[in-house]
Amino acid sequence: MIDYERVIEIVKGAKKFVVDSTLREQIEIKGEADFVTGVDLMISNYIKEEILRLDNTIGFMSEEENCDFLPQKRWILDPIDGTTNLIFDYQLSSISLALLDAGNIVFGVVYNPFNGDIFTAIKDRGAFLNGKKLHCVDREPSNSLIEFGAGSTRKKEAKKIFEIAESIFEECLDIRRICSTALSICFIAAGRINGYFEKRIKPWDYAAASLILLEAGGKITEWDQTKLQYDKPTGVICGSPKVHGFLVGKIYGD
Ligand code: LIP
């Protein structure tokens, strides 16, 4: 049995790298609007080492590692979700760690080191923010705040997404851009926003937060509305139940 409290402590221990200005200044460009910093790399190594010390039979997948082989049971880590936000000191980045077992996320933790928010969930045992149980709020779409991922790493494909976002903006209360997928999905679980969609993200962006949202009573699916998988990049649509339905309708042109 994995000691999830210990896992949460390990994740919180990553804050020391986030506040290290020398590491934050080590910035490499991976691709169009796609960066990695010394913070991402140090956290990836630190969490891998600590987590495998708890049980070295479980696999490990991280944004900052080569993931050619995907064990059925594995940790899925985004050492910093919202790297551009970190570089700009936008104070909205997170460390996101999930445990996948036989196709389902069974544990997830998303930590914002800037304000200490820690979102956690164990499958079938509810979702929590700083220890307080979460229930996502099922507002009417017209009274909802919606976040969307614009696809800054593939700007040529963004036109269609902005058209969808505009048609949603016309019918919802307002649009938000948080730009850490893990935090956006957790914010739905906490009722801070009510829906989010992005056409192409990676499993480490949504793995931990997907369980937190489901456990809080929300809905998250692939772009084609099938059950989420955690092996390859995909699109996600998520929200409180009513808002999820609203977003599907707008994306598929109701
Ligand atoms: C980023 C996100 C952001 C999303 C980008 C990207 P990274 O993750 O969380 O919200 O829009 O597509 O995946 O690269 O900063 O970990």
# chains A, B, ... in the order shown; residues from 1 in each chain; ligands from 1
>>> residues_around(residues="segment 51-56 of chain A", least_positions_apart="4", cutoff="8 Å", atoms="only C-alpha atoms", output="PDB file with all heavy atoms, in the first residue's frame")
ATOM      1  N   ILE A   2       0.601   2.171  -0.936  1.00  0.00           N
ATOM      2  CA  ILE A   2       1.429   3.374  -1.027  1.00  0.00           C
ATOM      3  C   ILE A   2       1.005   4.396   0.026  1.00  0.00           C
ATOM      4  O   ILE A   2      -0.181   4.605   0.263  1.00  0.00           O
ATOM      5  CB  ILE A   2       1.305   3.982  -2.431  1.00  0.00           C
ATOM      6  CG1 ILE A   2       1.951   3.024  -3.427  1.00  0.00           C
ATOM      7  CG2 ILE A   2       1.980   5.344  -2.525  1.00  0.00           C
ATOM      8  CD1 ILE A   2       1.490   3.210  -4.817  1.00  0.00           C
ATOM      9  N   VAL A   7       3.679  10.833  -0.252  1.00  0.00           N
ATOM     10  CA  VAL A   7       3.783  11.323  -1.635  1.00  0.00           C
ATOM     11  C   VAL A   7       3.473  12.829  -1.680  1.00  0.00           C
ATOM     12  O   VAL A   7       4.171  13.610  -2.329  1.00  0.00           O
ATOM     13  CB  VAL A   7       2.813  10.542  -2.565  1.00  0.00           C
ATOM     14  CG1 VAL A   7       2.832  11.123  -3.978  1.00  0.00           C
ATOM     15  CG2 VAL A   7       3.190   9.061  -2.602  1.00  0.00           C
ATOM     16  N   ILE A  10       6.357  14.772  -0.432  1.00  0.00           N
ATOM     17  CA  ILE A  10       7.421  14.825  -1.455  1.00  0.00           C
ATOM     18  C   ILE A  10       7.111  15.936  -2.458  1.00  0.00           C
ATOM     19  O   ILE A  10       7.976  16.753  -2.806  1.00  0.00           O
ATOM     20  CB  ILE A  10       7.563  13.447  -2.167  1.00  0.00           C
ATOM     21  CG1 ILE A  10       8.141  12.409  -1.191  1.00  0.00           C
ATOM     22  CG2 ILE A  10       8.413  13.566  -3.429  1.00  0.00           C
ATOM     23  CD1 ILE A  10       8.093  10.973  -1.688  1.00  0.00           C
ATOM     24  N   ILE A  47      11.560  14.289  -7.777  1.00  0.00           N
ATOM     25  CA  ILE A  47      10.355  13.489  -7.485  1.00  0.00           C
ATOM     26  C   ILE A  47      10.559  12.041  -7.929  1.00  0.00           C
ATOM     27  O   ILE A  47      10.180  11.107  -7.220  1.00  0.00           O
ATOM     28  CB  ILE A  47       9.093  14.124  -8.107  1.00  0.00           C
ATOM     29  CG1 ILE A  47       8.784  15.425  -7.339  1.00  0.00           C
ATOM     30  CG2 ILE A  47       7.896  13.167  -8.049  1.00  0.00           C
ATOM     31  CD1 ILE A  47       7.499  16.129  -7.677  1.00  0.00           C
TER      32      ILE A  47
END
>>> select_by_dssp(residues="segment 43-74 of chain A", states="strand (DSSP E or B)", output="PyMOL selection string")
chain A and resi 59-62+74
>>> residues_near_ligand(ligand="ligand 1", cutoff="9 Å", atoms="only C-alpha atoms and all ligand atoms", output="PyMOL selection string")
chain A and resi 34-36+40+63+78-86+93-94+148-153+177-184+198-202+204-206
>>> select_by_dssp(residues="segment 11-184 of chain A", states="helix (DSSP H, G or I)", output="JSON, numbers by chain")
{"A": [11, 12, 15, 16, 17, 18, 21, 22, 23, 24, 25, 38, 39, 40, 41, 42, 43, 44, 45, 46, 47, 48, 49, 50, 51, 52, 53, 54, 83, 84, 85, 86, 87, 141, 142, 143, 155, 156, 157, 158, 159, 160, 161, 162, 163, 164, 165, 166, 167, 168, 169, 181, 182, 183, 184]}
>>> residues_around(residues="Ser240 of chain A", least_positions_apart="2", cutoff="10 Å", atoms="only C-alpha atoms", output="CSV table (one decimal) with all heavy atoms, in the first residue's frame")
chain,number,residue,atom,x,y,z
A,135,HIS,N,-16.7,20.0,-4.1
A,135,HIS,CA,-17.9,19.7,-4.9
A,135,HIS,C,-17.9,20.7,-6.0
A,135,HIS,O,-18.1,21.9,-5.7
A,135,HIS,CB,-19.2,19.8,-4.1
A,135,HIS,CG,-19.2,19.0,-2.8
A,135,HIS,ND1,-19.4,17.6,-2.8
A,135,HIS,CD2,-18.9,19.3,-1.5
A,135,HIS,CE1,-19.3,17.2,-1.6
A,135,HIS,NE2,-19.0,18.1,-0.8
A,136,CYS,N,-17.9,20.3,-7.2
A,136,CYS,CA,-17.9,21.3,-8.3
A,136,CYS,C,-19.3,21.9,-8.4
A,136,CYS,O,-20.3,21.2,-8.1
A,136,CYS,CB,-17.3,20.8,-9.6
A,136,CYS,SG,-18.4,19.9,-10.6
A,137,VAL,N,-19.4,23.1,-8.8
A,137,VAL,CA,-20.7,23.8,-8.8
A,137,VAL,C,-21.3,23.8,-10.2
A,137,VAL,O,-20.6,24.2,-11.1
A,137,VAL,CB,-20.5,25.3,-8.4
A,137,VAL,CG1,-21.8,26.1,-8.3
A,137,VAL,CG2,-19.7,25.4,-7.1
A,138,ASP,N,-22.5,23.2,-10.3
A,138,ASP,CA,-23.1,23.0,-11.6
A,138,ASP,C,-24.0,24.2,-12.0
A,138,ASP,O,-25.2,24.2,-12.0
A,138,ASP,CB,-24.0,21.7,-11.6
A,138,ASP,CG,-24.1,21.2,-13.0
A,138,ASP,OD1,-23.4,21.6,-13.9
A,138,ASP,OD2,-25.0,20.3,-13.2
A,139,ARG,N,-23.3,25.3,-12.4
A,139,ARG,CA,-24.0,26.5,-12.8
A,139,ARG,C,-24.6,26.4,-14.2
A,139,ARG,O,-24.2,25.6,-15.0
A,139,ARG,CB,-23.0,27.7,-12.9
A,139,ARG,CG,-22.5,28.2,-11.6
A,139,ARG,CD,-21.5,29.3,-11.8
A,139,ARG,NE,-20.8,29.7,-10.6
A,139,ARG,CZ,-21.4,30.5,-9.7
A,139,ARG,NH1,-22.5,31.0,-9.9
A,139,ARG,NH2,-20.7,30.8,-8.6
A,140,GLU,N,-25.6,27.3,-14.5
A,140,GLU,CA,-26.1,27.4,-15.8
A,140,GLU,C,-24.9,27.9,-16.7
A,140,GLU,O,-24.2,28.8,-16.3
A,140,GLU,CB,-27.2,28.4,-15.9
A,140,GLU,CG,-28.5,27.9,-15.3
A,140,GLU,CD,-29.0,26.6,-15.8
A,140,GLU,OE1,-28.9,26.4,-17.1
A,140,GLU,OE2,-29.4,25.7,-15.0
A,141,PRO,N,-24.8,27.4,-17.9
A,141,PRO,CA,-23.7,27.9,-18.8
A,141,PRO,C,-23.7,29.4,-18.9
A,141,PRO,O,-22.6,30.0,-18.9
A,141,PRO,CB,-24.1,27.3,-20.2
A,141,PRO,CG,-24.8,26.0,-19.8
A,141,PRO,CD,-25.6,26.3,-18.5
A,144,SER,N,-21.5,31.0,-16.3
A,144,SER,CA,-20.3,30.2,-16.0
A,144,SER,C,-19.0,30.9,-16.5
A,144,SER,O,-19.1,31.7,-17.5
A,144,SER,CB,-20.4,28.9,-16.8
A,144,SER,OG,-21.3,28.1,-16.2
A,188,ILE,N,-12.1,24.0,-11.6
A,188,ILE,CA,-13.5,23.5,-11.9
A,188,ILE,C,-14.0,22.7,-10.7
A,188,ILE,O,-15.1,22.9,-10.2
A,188,ILE,CB,-13.6,22.7,-13.2
A,188,ILE,CG1,-13.1,23.5,-14.4
A,188,ILE,CG2,-15.1,22.3,-13.4
A,188,ILE,CD1,-13.0,22.7,-15.6
A,189,ALA,N,-13.1,21.8,-10.2
A,189,ALA,CA,-13.5,21.0,-9.0
A,189,ALA,C,-13.8,21.9,-7.8
A,189,ALA,O,-14.7,21.6,-7.0
A,189,ALA,CB,-12.4,20.0,-8.7
A,191,GLY,N,-15.0,25.0,-8.0
A,191,GLY,CA,-16.1,25.9,-8.3
A,191,GLY,C,-15.6,27.3,-8.7
A,191,GLY,O,-16.3,28.3,-8.7
A,193,ILE,N,-13.9,28.1,-11.5
A,193,ILE,CA,-14.4,28.3,-12.9
A,193,ILE,C,-15.3,27.1,-13.1
A,193,ILE,O,-15.4,26.2,-12.2
A,193,ILE,CB,-13.2,28.4,-13.9
A,193,ILE,CG1,-12.4,27.1,-14.0
A,193,ILE,CG2,-12.3,29.6,-13.7
A,193,ILE,CD1,-11.4,27.1,-15.2
A,194,ASN,N,-15.9,27.0,-14.3
A,194,ASN,CA,-16.9,25.9,-14.5
A,194,ASN,C,-16.6,25.0,-15.7
A,194,ASN,O,-17.3,24.0,-15.9
A,194,ASN,CB,-18.3,26.6,-14.6
A,194,ASN,CG,-18.4,27.6,-13.5
A,194,ASN,OD1,-18.3,28.8,-13.7
A,194,ASN,ND2,-18.6,27.1,-12.2
A,195,GLY,N,-15.7,25.4,-16.6
A,195,GLY,CA,-15.4,24.6,-17.7
A,195,GLY,C,-14.1,24.9,-18.3
A,195,GLY,O,-13.5,26.0,-18.1
A,196,TYR,N,-13.6,24.0,-19.1
A,196,TYR,CA,-12.3,24.1,-19.8
A,196,TYR,C,-12.2,23.2,-21.0
A,196,TYR,O,-12.7,22.1,-20.9
A,196,TYR,CB,-11.1,23.9,-18.8
A,196,TYR,CG,-9.8,23.5,-19.4
A,196,TYR,CD1,-9.0,24.5,-20.0
A,196,TYR,CD2,-9.3,22.2,-19.4
A,196,TYR,CE1,-7.8,24.2,-20.5
A,196,TYR,CE2,-8.1,21.9,-19.9
A,196,TYR,CZ,-7.3,22.9,-20.5
A,196,TYR,OH,-6.1,22.5,-21.1
A,213,LEU,N,-11.2,16.2,-10.5
A,213,LEU,CA,-12.5,16.7,-11.0
A,213,LEU,C,-13.6,15.7,-10.9
A,213,LEU,O,-14.7,15.9,-10.5
A,213,LEU,CB,-12.3,17.2,-12.5
A,213,LEU,CG,-13.6,17.7,-13.1
A,213,LEU,CD1,-14.2,18.9,-12.3
A,213,LEU,CD2,-13.3,18.2,-14.6
A,214,LEU,N,-13.3,14.4,-11.3
A,214,LEU,CA,-14.3,13.4,-11.3
A,214,LEU,C,-14.7,13.1,-9.9
A,214,LEU,O,-15.9,13.0,-9.6
A,214,LEU,CB,-13.7,12.1,-11.9
A,214,LEU,CG,-13.5,12.1,-13.4
A,214,LEU,CD1,-12.7,10.8,-13.8
A,214,LEU,CD2,-14.8,12.1,-14.1
A,216,ALA,N,-14.9,15.3,-7.6
A,216,ALA,CA,-15.7,16.4,-7.1
A,216,ALA,C,-17.0,16.5,-7.8
A,216,ALA,O,-17.8,17.4,-7.6
A,216,ALA,CB,-14.9,17.7,-7.3
A,217,GLY,N,-17.3,15.5,-8.7
A,217,GLY,CA,-18.6,15.5,-9.3
A,217,GLY,C,-18.6,16.1,-10.7
A,217,GLY,O,-19.7,16.3,-11.3
A,218,GLY,N,-17.5,16.4,-11.2
A,218,GLY,CA,-17.4,17.0,-12.6
A,218,GLY,C,-17.2,15.9,-13.7
A,218,GLY,O,-17.2,14.7,-13.4
A,219,LYS,N,-17.1,16.4,-14.9
A,219,LYS,CA,-17.0,15.5,-16.0
A,219,LYS,C,-15.8,15.9,-16.9
A,219,LYS,O,-15.6,17.1,-17.1
A,219,LYS,CB,-18.3,15.7,-16.8
A,219,LYS,CG,-18.7,14.4,-17.5
A,219,LYS,CD,-20.1,14.5,-18.1
A,219,LYS,CE,-20.1,13.3,-19.2
A,219,LYS,NZ,-21.3,13.3,-20.0
A,220,ILE,N,-15.1,14.9,-17.3
A,220,ILE,CA,-14.0,15.1,-18.2
A,220,ILE,C,-13.9,14.0,-19.2
A,220,ILE,O,-14.0,12.8,-18.9
A,220,ILE,CB,-12.6,15.3,-17.4
A,220,ILE,CG1,-11.5,15.5,-18.4
A,220,ILE,CG2,-12.4,14.2,-16.5
A,220,ILE,CD1,-10.2,16.1,-17.7
A,238,CYS,N,-13.9,19.5,-20.4
A,238,CYS,CA,-14.3,19.2,-19.0
A,238,CYS,C,-15.1,20.4,-18.4
A,238,CYS,O,-15.1,21.5,-18.9
A,238,CYS,CB,-13.1,18.9,-18.2
A,238,CYS,SG,-11.8,19.9,-18.3
A,242,LYS,N,-23.5,20.2,-16.5
A,242,LYS,CA,-24.2,21.0,-17.4
A,242,LYS,C,-23.3,21.8,-18.4
A,242,LYS,O,-23.5,21.9,-19.6
A,242,LYS,CB,-25.0,22.1,-16.7
A,242,LYS,CG,-26.4,21.7,-16.2
A,242,LYS,CD,-27.1,22.9,-15.6
A,242,LYS,CE,-28.1,22.4,-14.6
A,242,LYS,NZ,-28.5,23.5,-13.7
A,243,VAL,N,-22.2,22.3,-17.8
A,243,VAL,CA,-21.2,23.0,-18.7
A,243,VAL,C,-20.5,22.1,-19.6
A,243,VAL,O,-20.2,22.5,-20.8
A,243,VAL,CB,-20.2,23.8,-17.8
A,243,VAL,CG1,-19.1,24.4,-18.6
A,243,VAL,CG2,-21.0,24.9,-17.0
A,244,HIS,N,-20.2,20.9,-19.2
A,244,HIS,CA,-19.6,19.9,-20.1
A,244,HIS,C,-20.5,19.7,-21.3
A,244,HIS,O,-20.0,19.8,-22.5
A,244,HIS,CB,-19.3,18.6,-19.4
A,244,HIS,CG,-18.6,17.6,-20.3
A,244,HIS,ND1,-19.3,16.7,-21.1
A,244,HIS,CD2,-17.3,17.3,-20.5
A,244,HIS,CE1,-18.5,16.0,-21.8
A,244,HIS,NE2,-17.3,16.3,-21.5
A,245,GLY,N,-21.8,19.5,-21.1
A,245,GLY,CA,-22.7,19.3,-22.2
A,245,GLY,C,-22.8,20.6,-23.1
A,245,GLY,O,-22.8,20.4,-24.3
A,246,PHE,N,-22.8,21.7,-22.5
A,246,PHE,CA,-22.8,23.0,-23.2
A,246,PHE,C,-21.5,23.1,-24.1
A,246,PHE,O,-21.6,23.4,-25.3
A,246,PHE,CB,-22.8,24.1,-22.2
A,246,PHE,CG,-22.5,25.5,-22.8
A,246,PHE,CD1,-23.4,26.2,-23.6
A,246,PHE,CD2,-21.3,26.1,-22.4
A,246,PHE,CE1,-23.1,27.4,-24.1
A,246,PHE,CE2,-21.0,27.4,-22.9
A,246,PHE,CZ,-21.9,28.0,-23.8
>>> residues_around(residues="Glu65 of chain A", least_positions_apart="5", cutoff="10 Å", atoms="only C-alpha atoms", output="mmCIF file with N, CA, C and O atoms, in the first residue's frame")
data_model
loop_
_atom_site.group_PDB
_atom_site.id
_atom_site.type_symbol
_atom_site.label_atom_id
_atom_site.label_comp_id
_atom_site.auth_asym_id
_atom_site.auth_seq_id
_atom_site.Cartn_x
_atom_site.Cartn_y
_atom_site.Cartn_z
ATOM 1 N N LEU A 41 13.502 20.569 -14.649
ATOM 2 C CA LEU A 41 14.407 19.422 -14.679
ATOM 3 C C LEU A 41 14.756 18.945 -13.271
ATOM 4 O O LEU A 41 14.764 17.736 -12.993
ATOM 5 N N SER A 44 11.728 17.186 -11.716
ATOM 6 C CA SER A 44 11.508 15.868 -12.316
ATOM 7 C C SER A 44 12.453 14.835 -11.696
ATOM 8 O O SER A 44 12.025 13.742 -11.281
ATOM 9 N N ASN A 45 13.718 15.189 -11.587
ATOM 10 C CA ASN A 45 14.702 14.248 -11.011
ATOM 11 C C ASN A 45 14.429 13.984 -9.535
ATOM 12 O O ASN A 45 14.483 12.846 -9.075
ATOM 13 N N PHE A 60 7.443 5.133 -14.304
ATOM 14 C CA PHE A 60 7.518 6.585 -14.126
ATOM 15 C C PHE A 60 7.487 7.264 -15.490
ATOM 16 O O PHE A 60 8.258 6.936 -16.380
ATOM 17 N N LEU A 77 3.991 12.469 -14.137
ATOM 18 C CA LEU A 77 4.426 13.735 -13.509
ATOM 19 C C LEU A 77 4.549 14.871 -14.522
ATOM 20 O O LEU A 77 5.156 14.711 -15.580
#
>>> closest_residue(among="A:Glu5, A:Glu25, A:Glu64, A:Asp117", to="Phe187 of chain A", atoms="only C-alpha atoms")
A:Asp117
>>> residues_around(residues="Ile118 of chain A", least_positions_apart="3", cutoff="6 Å", atoms="only C-alpha atoms", output="list of chain:residue names")
A:Val110, A:Tyr111, A:Leu129, A:Asn130
>>> closest_residue(among="A:Lys30, A:Arg24, A:Lys73, A:Lys48", to="Phe88 of chain A", atoms="only C-alpha atoms")
A:Arg24
>>> residues_around(residues="Lys133 of chain A", least_positions_apart="4", cutoff="10 Å", atoms="only C-alpha atoms", output="PyMOL selection string")
chain A and resi 119-121+125-129+189-190+215-216
>>> residues_around(residues="Val106 of chain A", least_positions_apart="3", cutoff="10 Å", atoms="only C-alpha atoms", output="ChimeraX atom specification")
/A:98-103,121-125,208,211
>>> atom_distance(atom1="atom CA of Glu49 of chain A", atom2="atom CA of Leu97 of chain A")
13.7 Å
>>> closest_residue(among="A:Ile105, A:Ala158, A:Ile95, A:Ala165", to="Lys227 of chain A", atoms="only C-alpha atoms")
A:Ile105
>>> closest_residue(among="A:Ile185, A:Val236, A:Met42, A:Ala33", to="Gly13 of chain A", atoms="only C-alpha atoms")
A:Met42
>>> atom_distance(atom1="atom CA of Asp89 of chain A", atom2="atom CA of Asn112 of chain A")
12.8 Å
>>> closest_residue(among="A:Met1, A:Pro113, A:Met61, A:Ser96", to="Phe17 of chain A", atoms="only C-alpha atoms")
A:Pro113
>>> atom_distance(atom1="atom CA of Val18 of chain A", atom2="atom CA of Gly38 of chain A")
9.3 Å
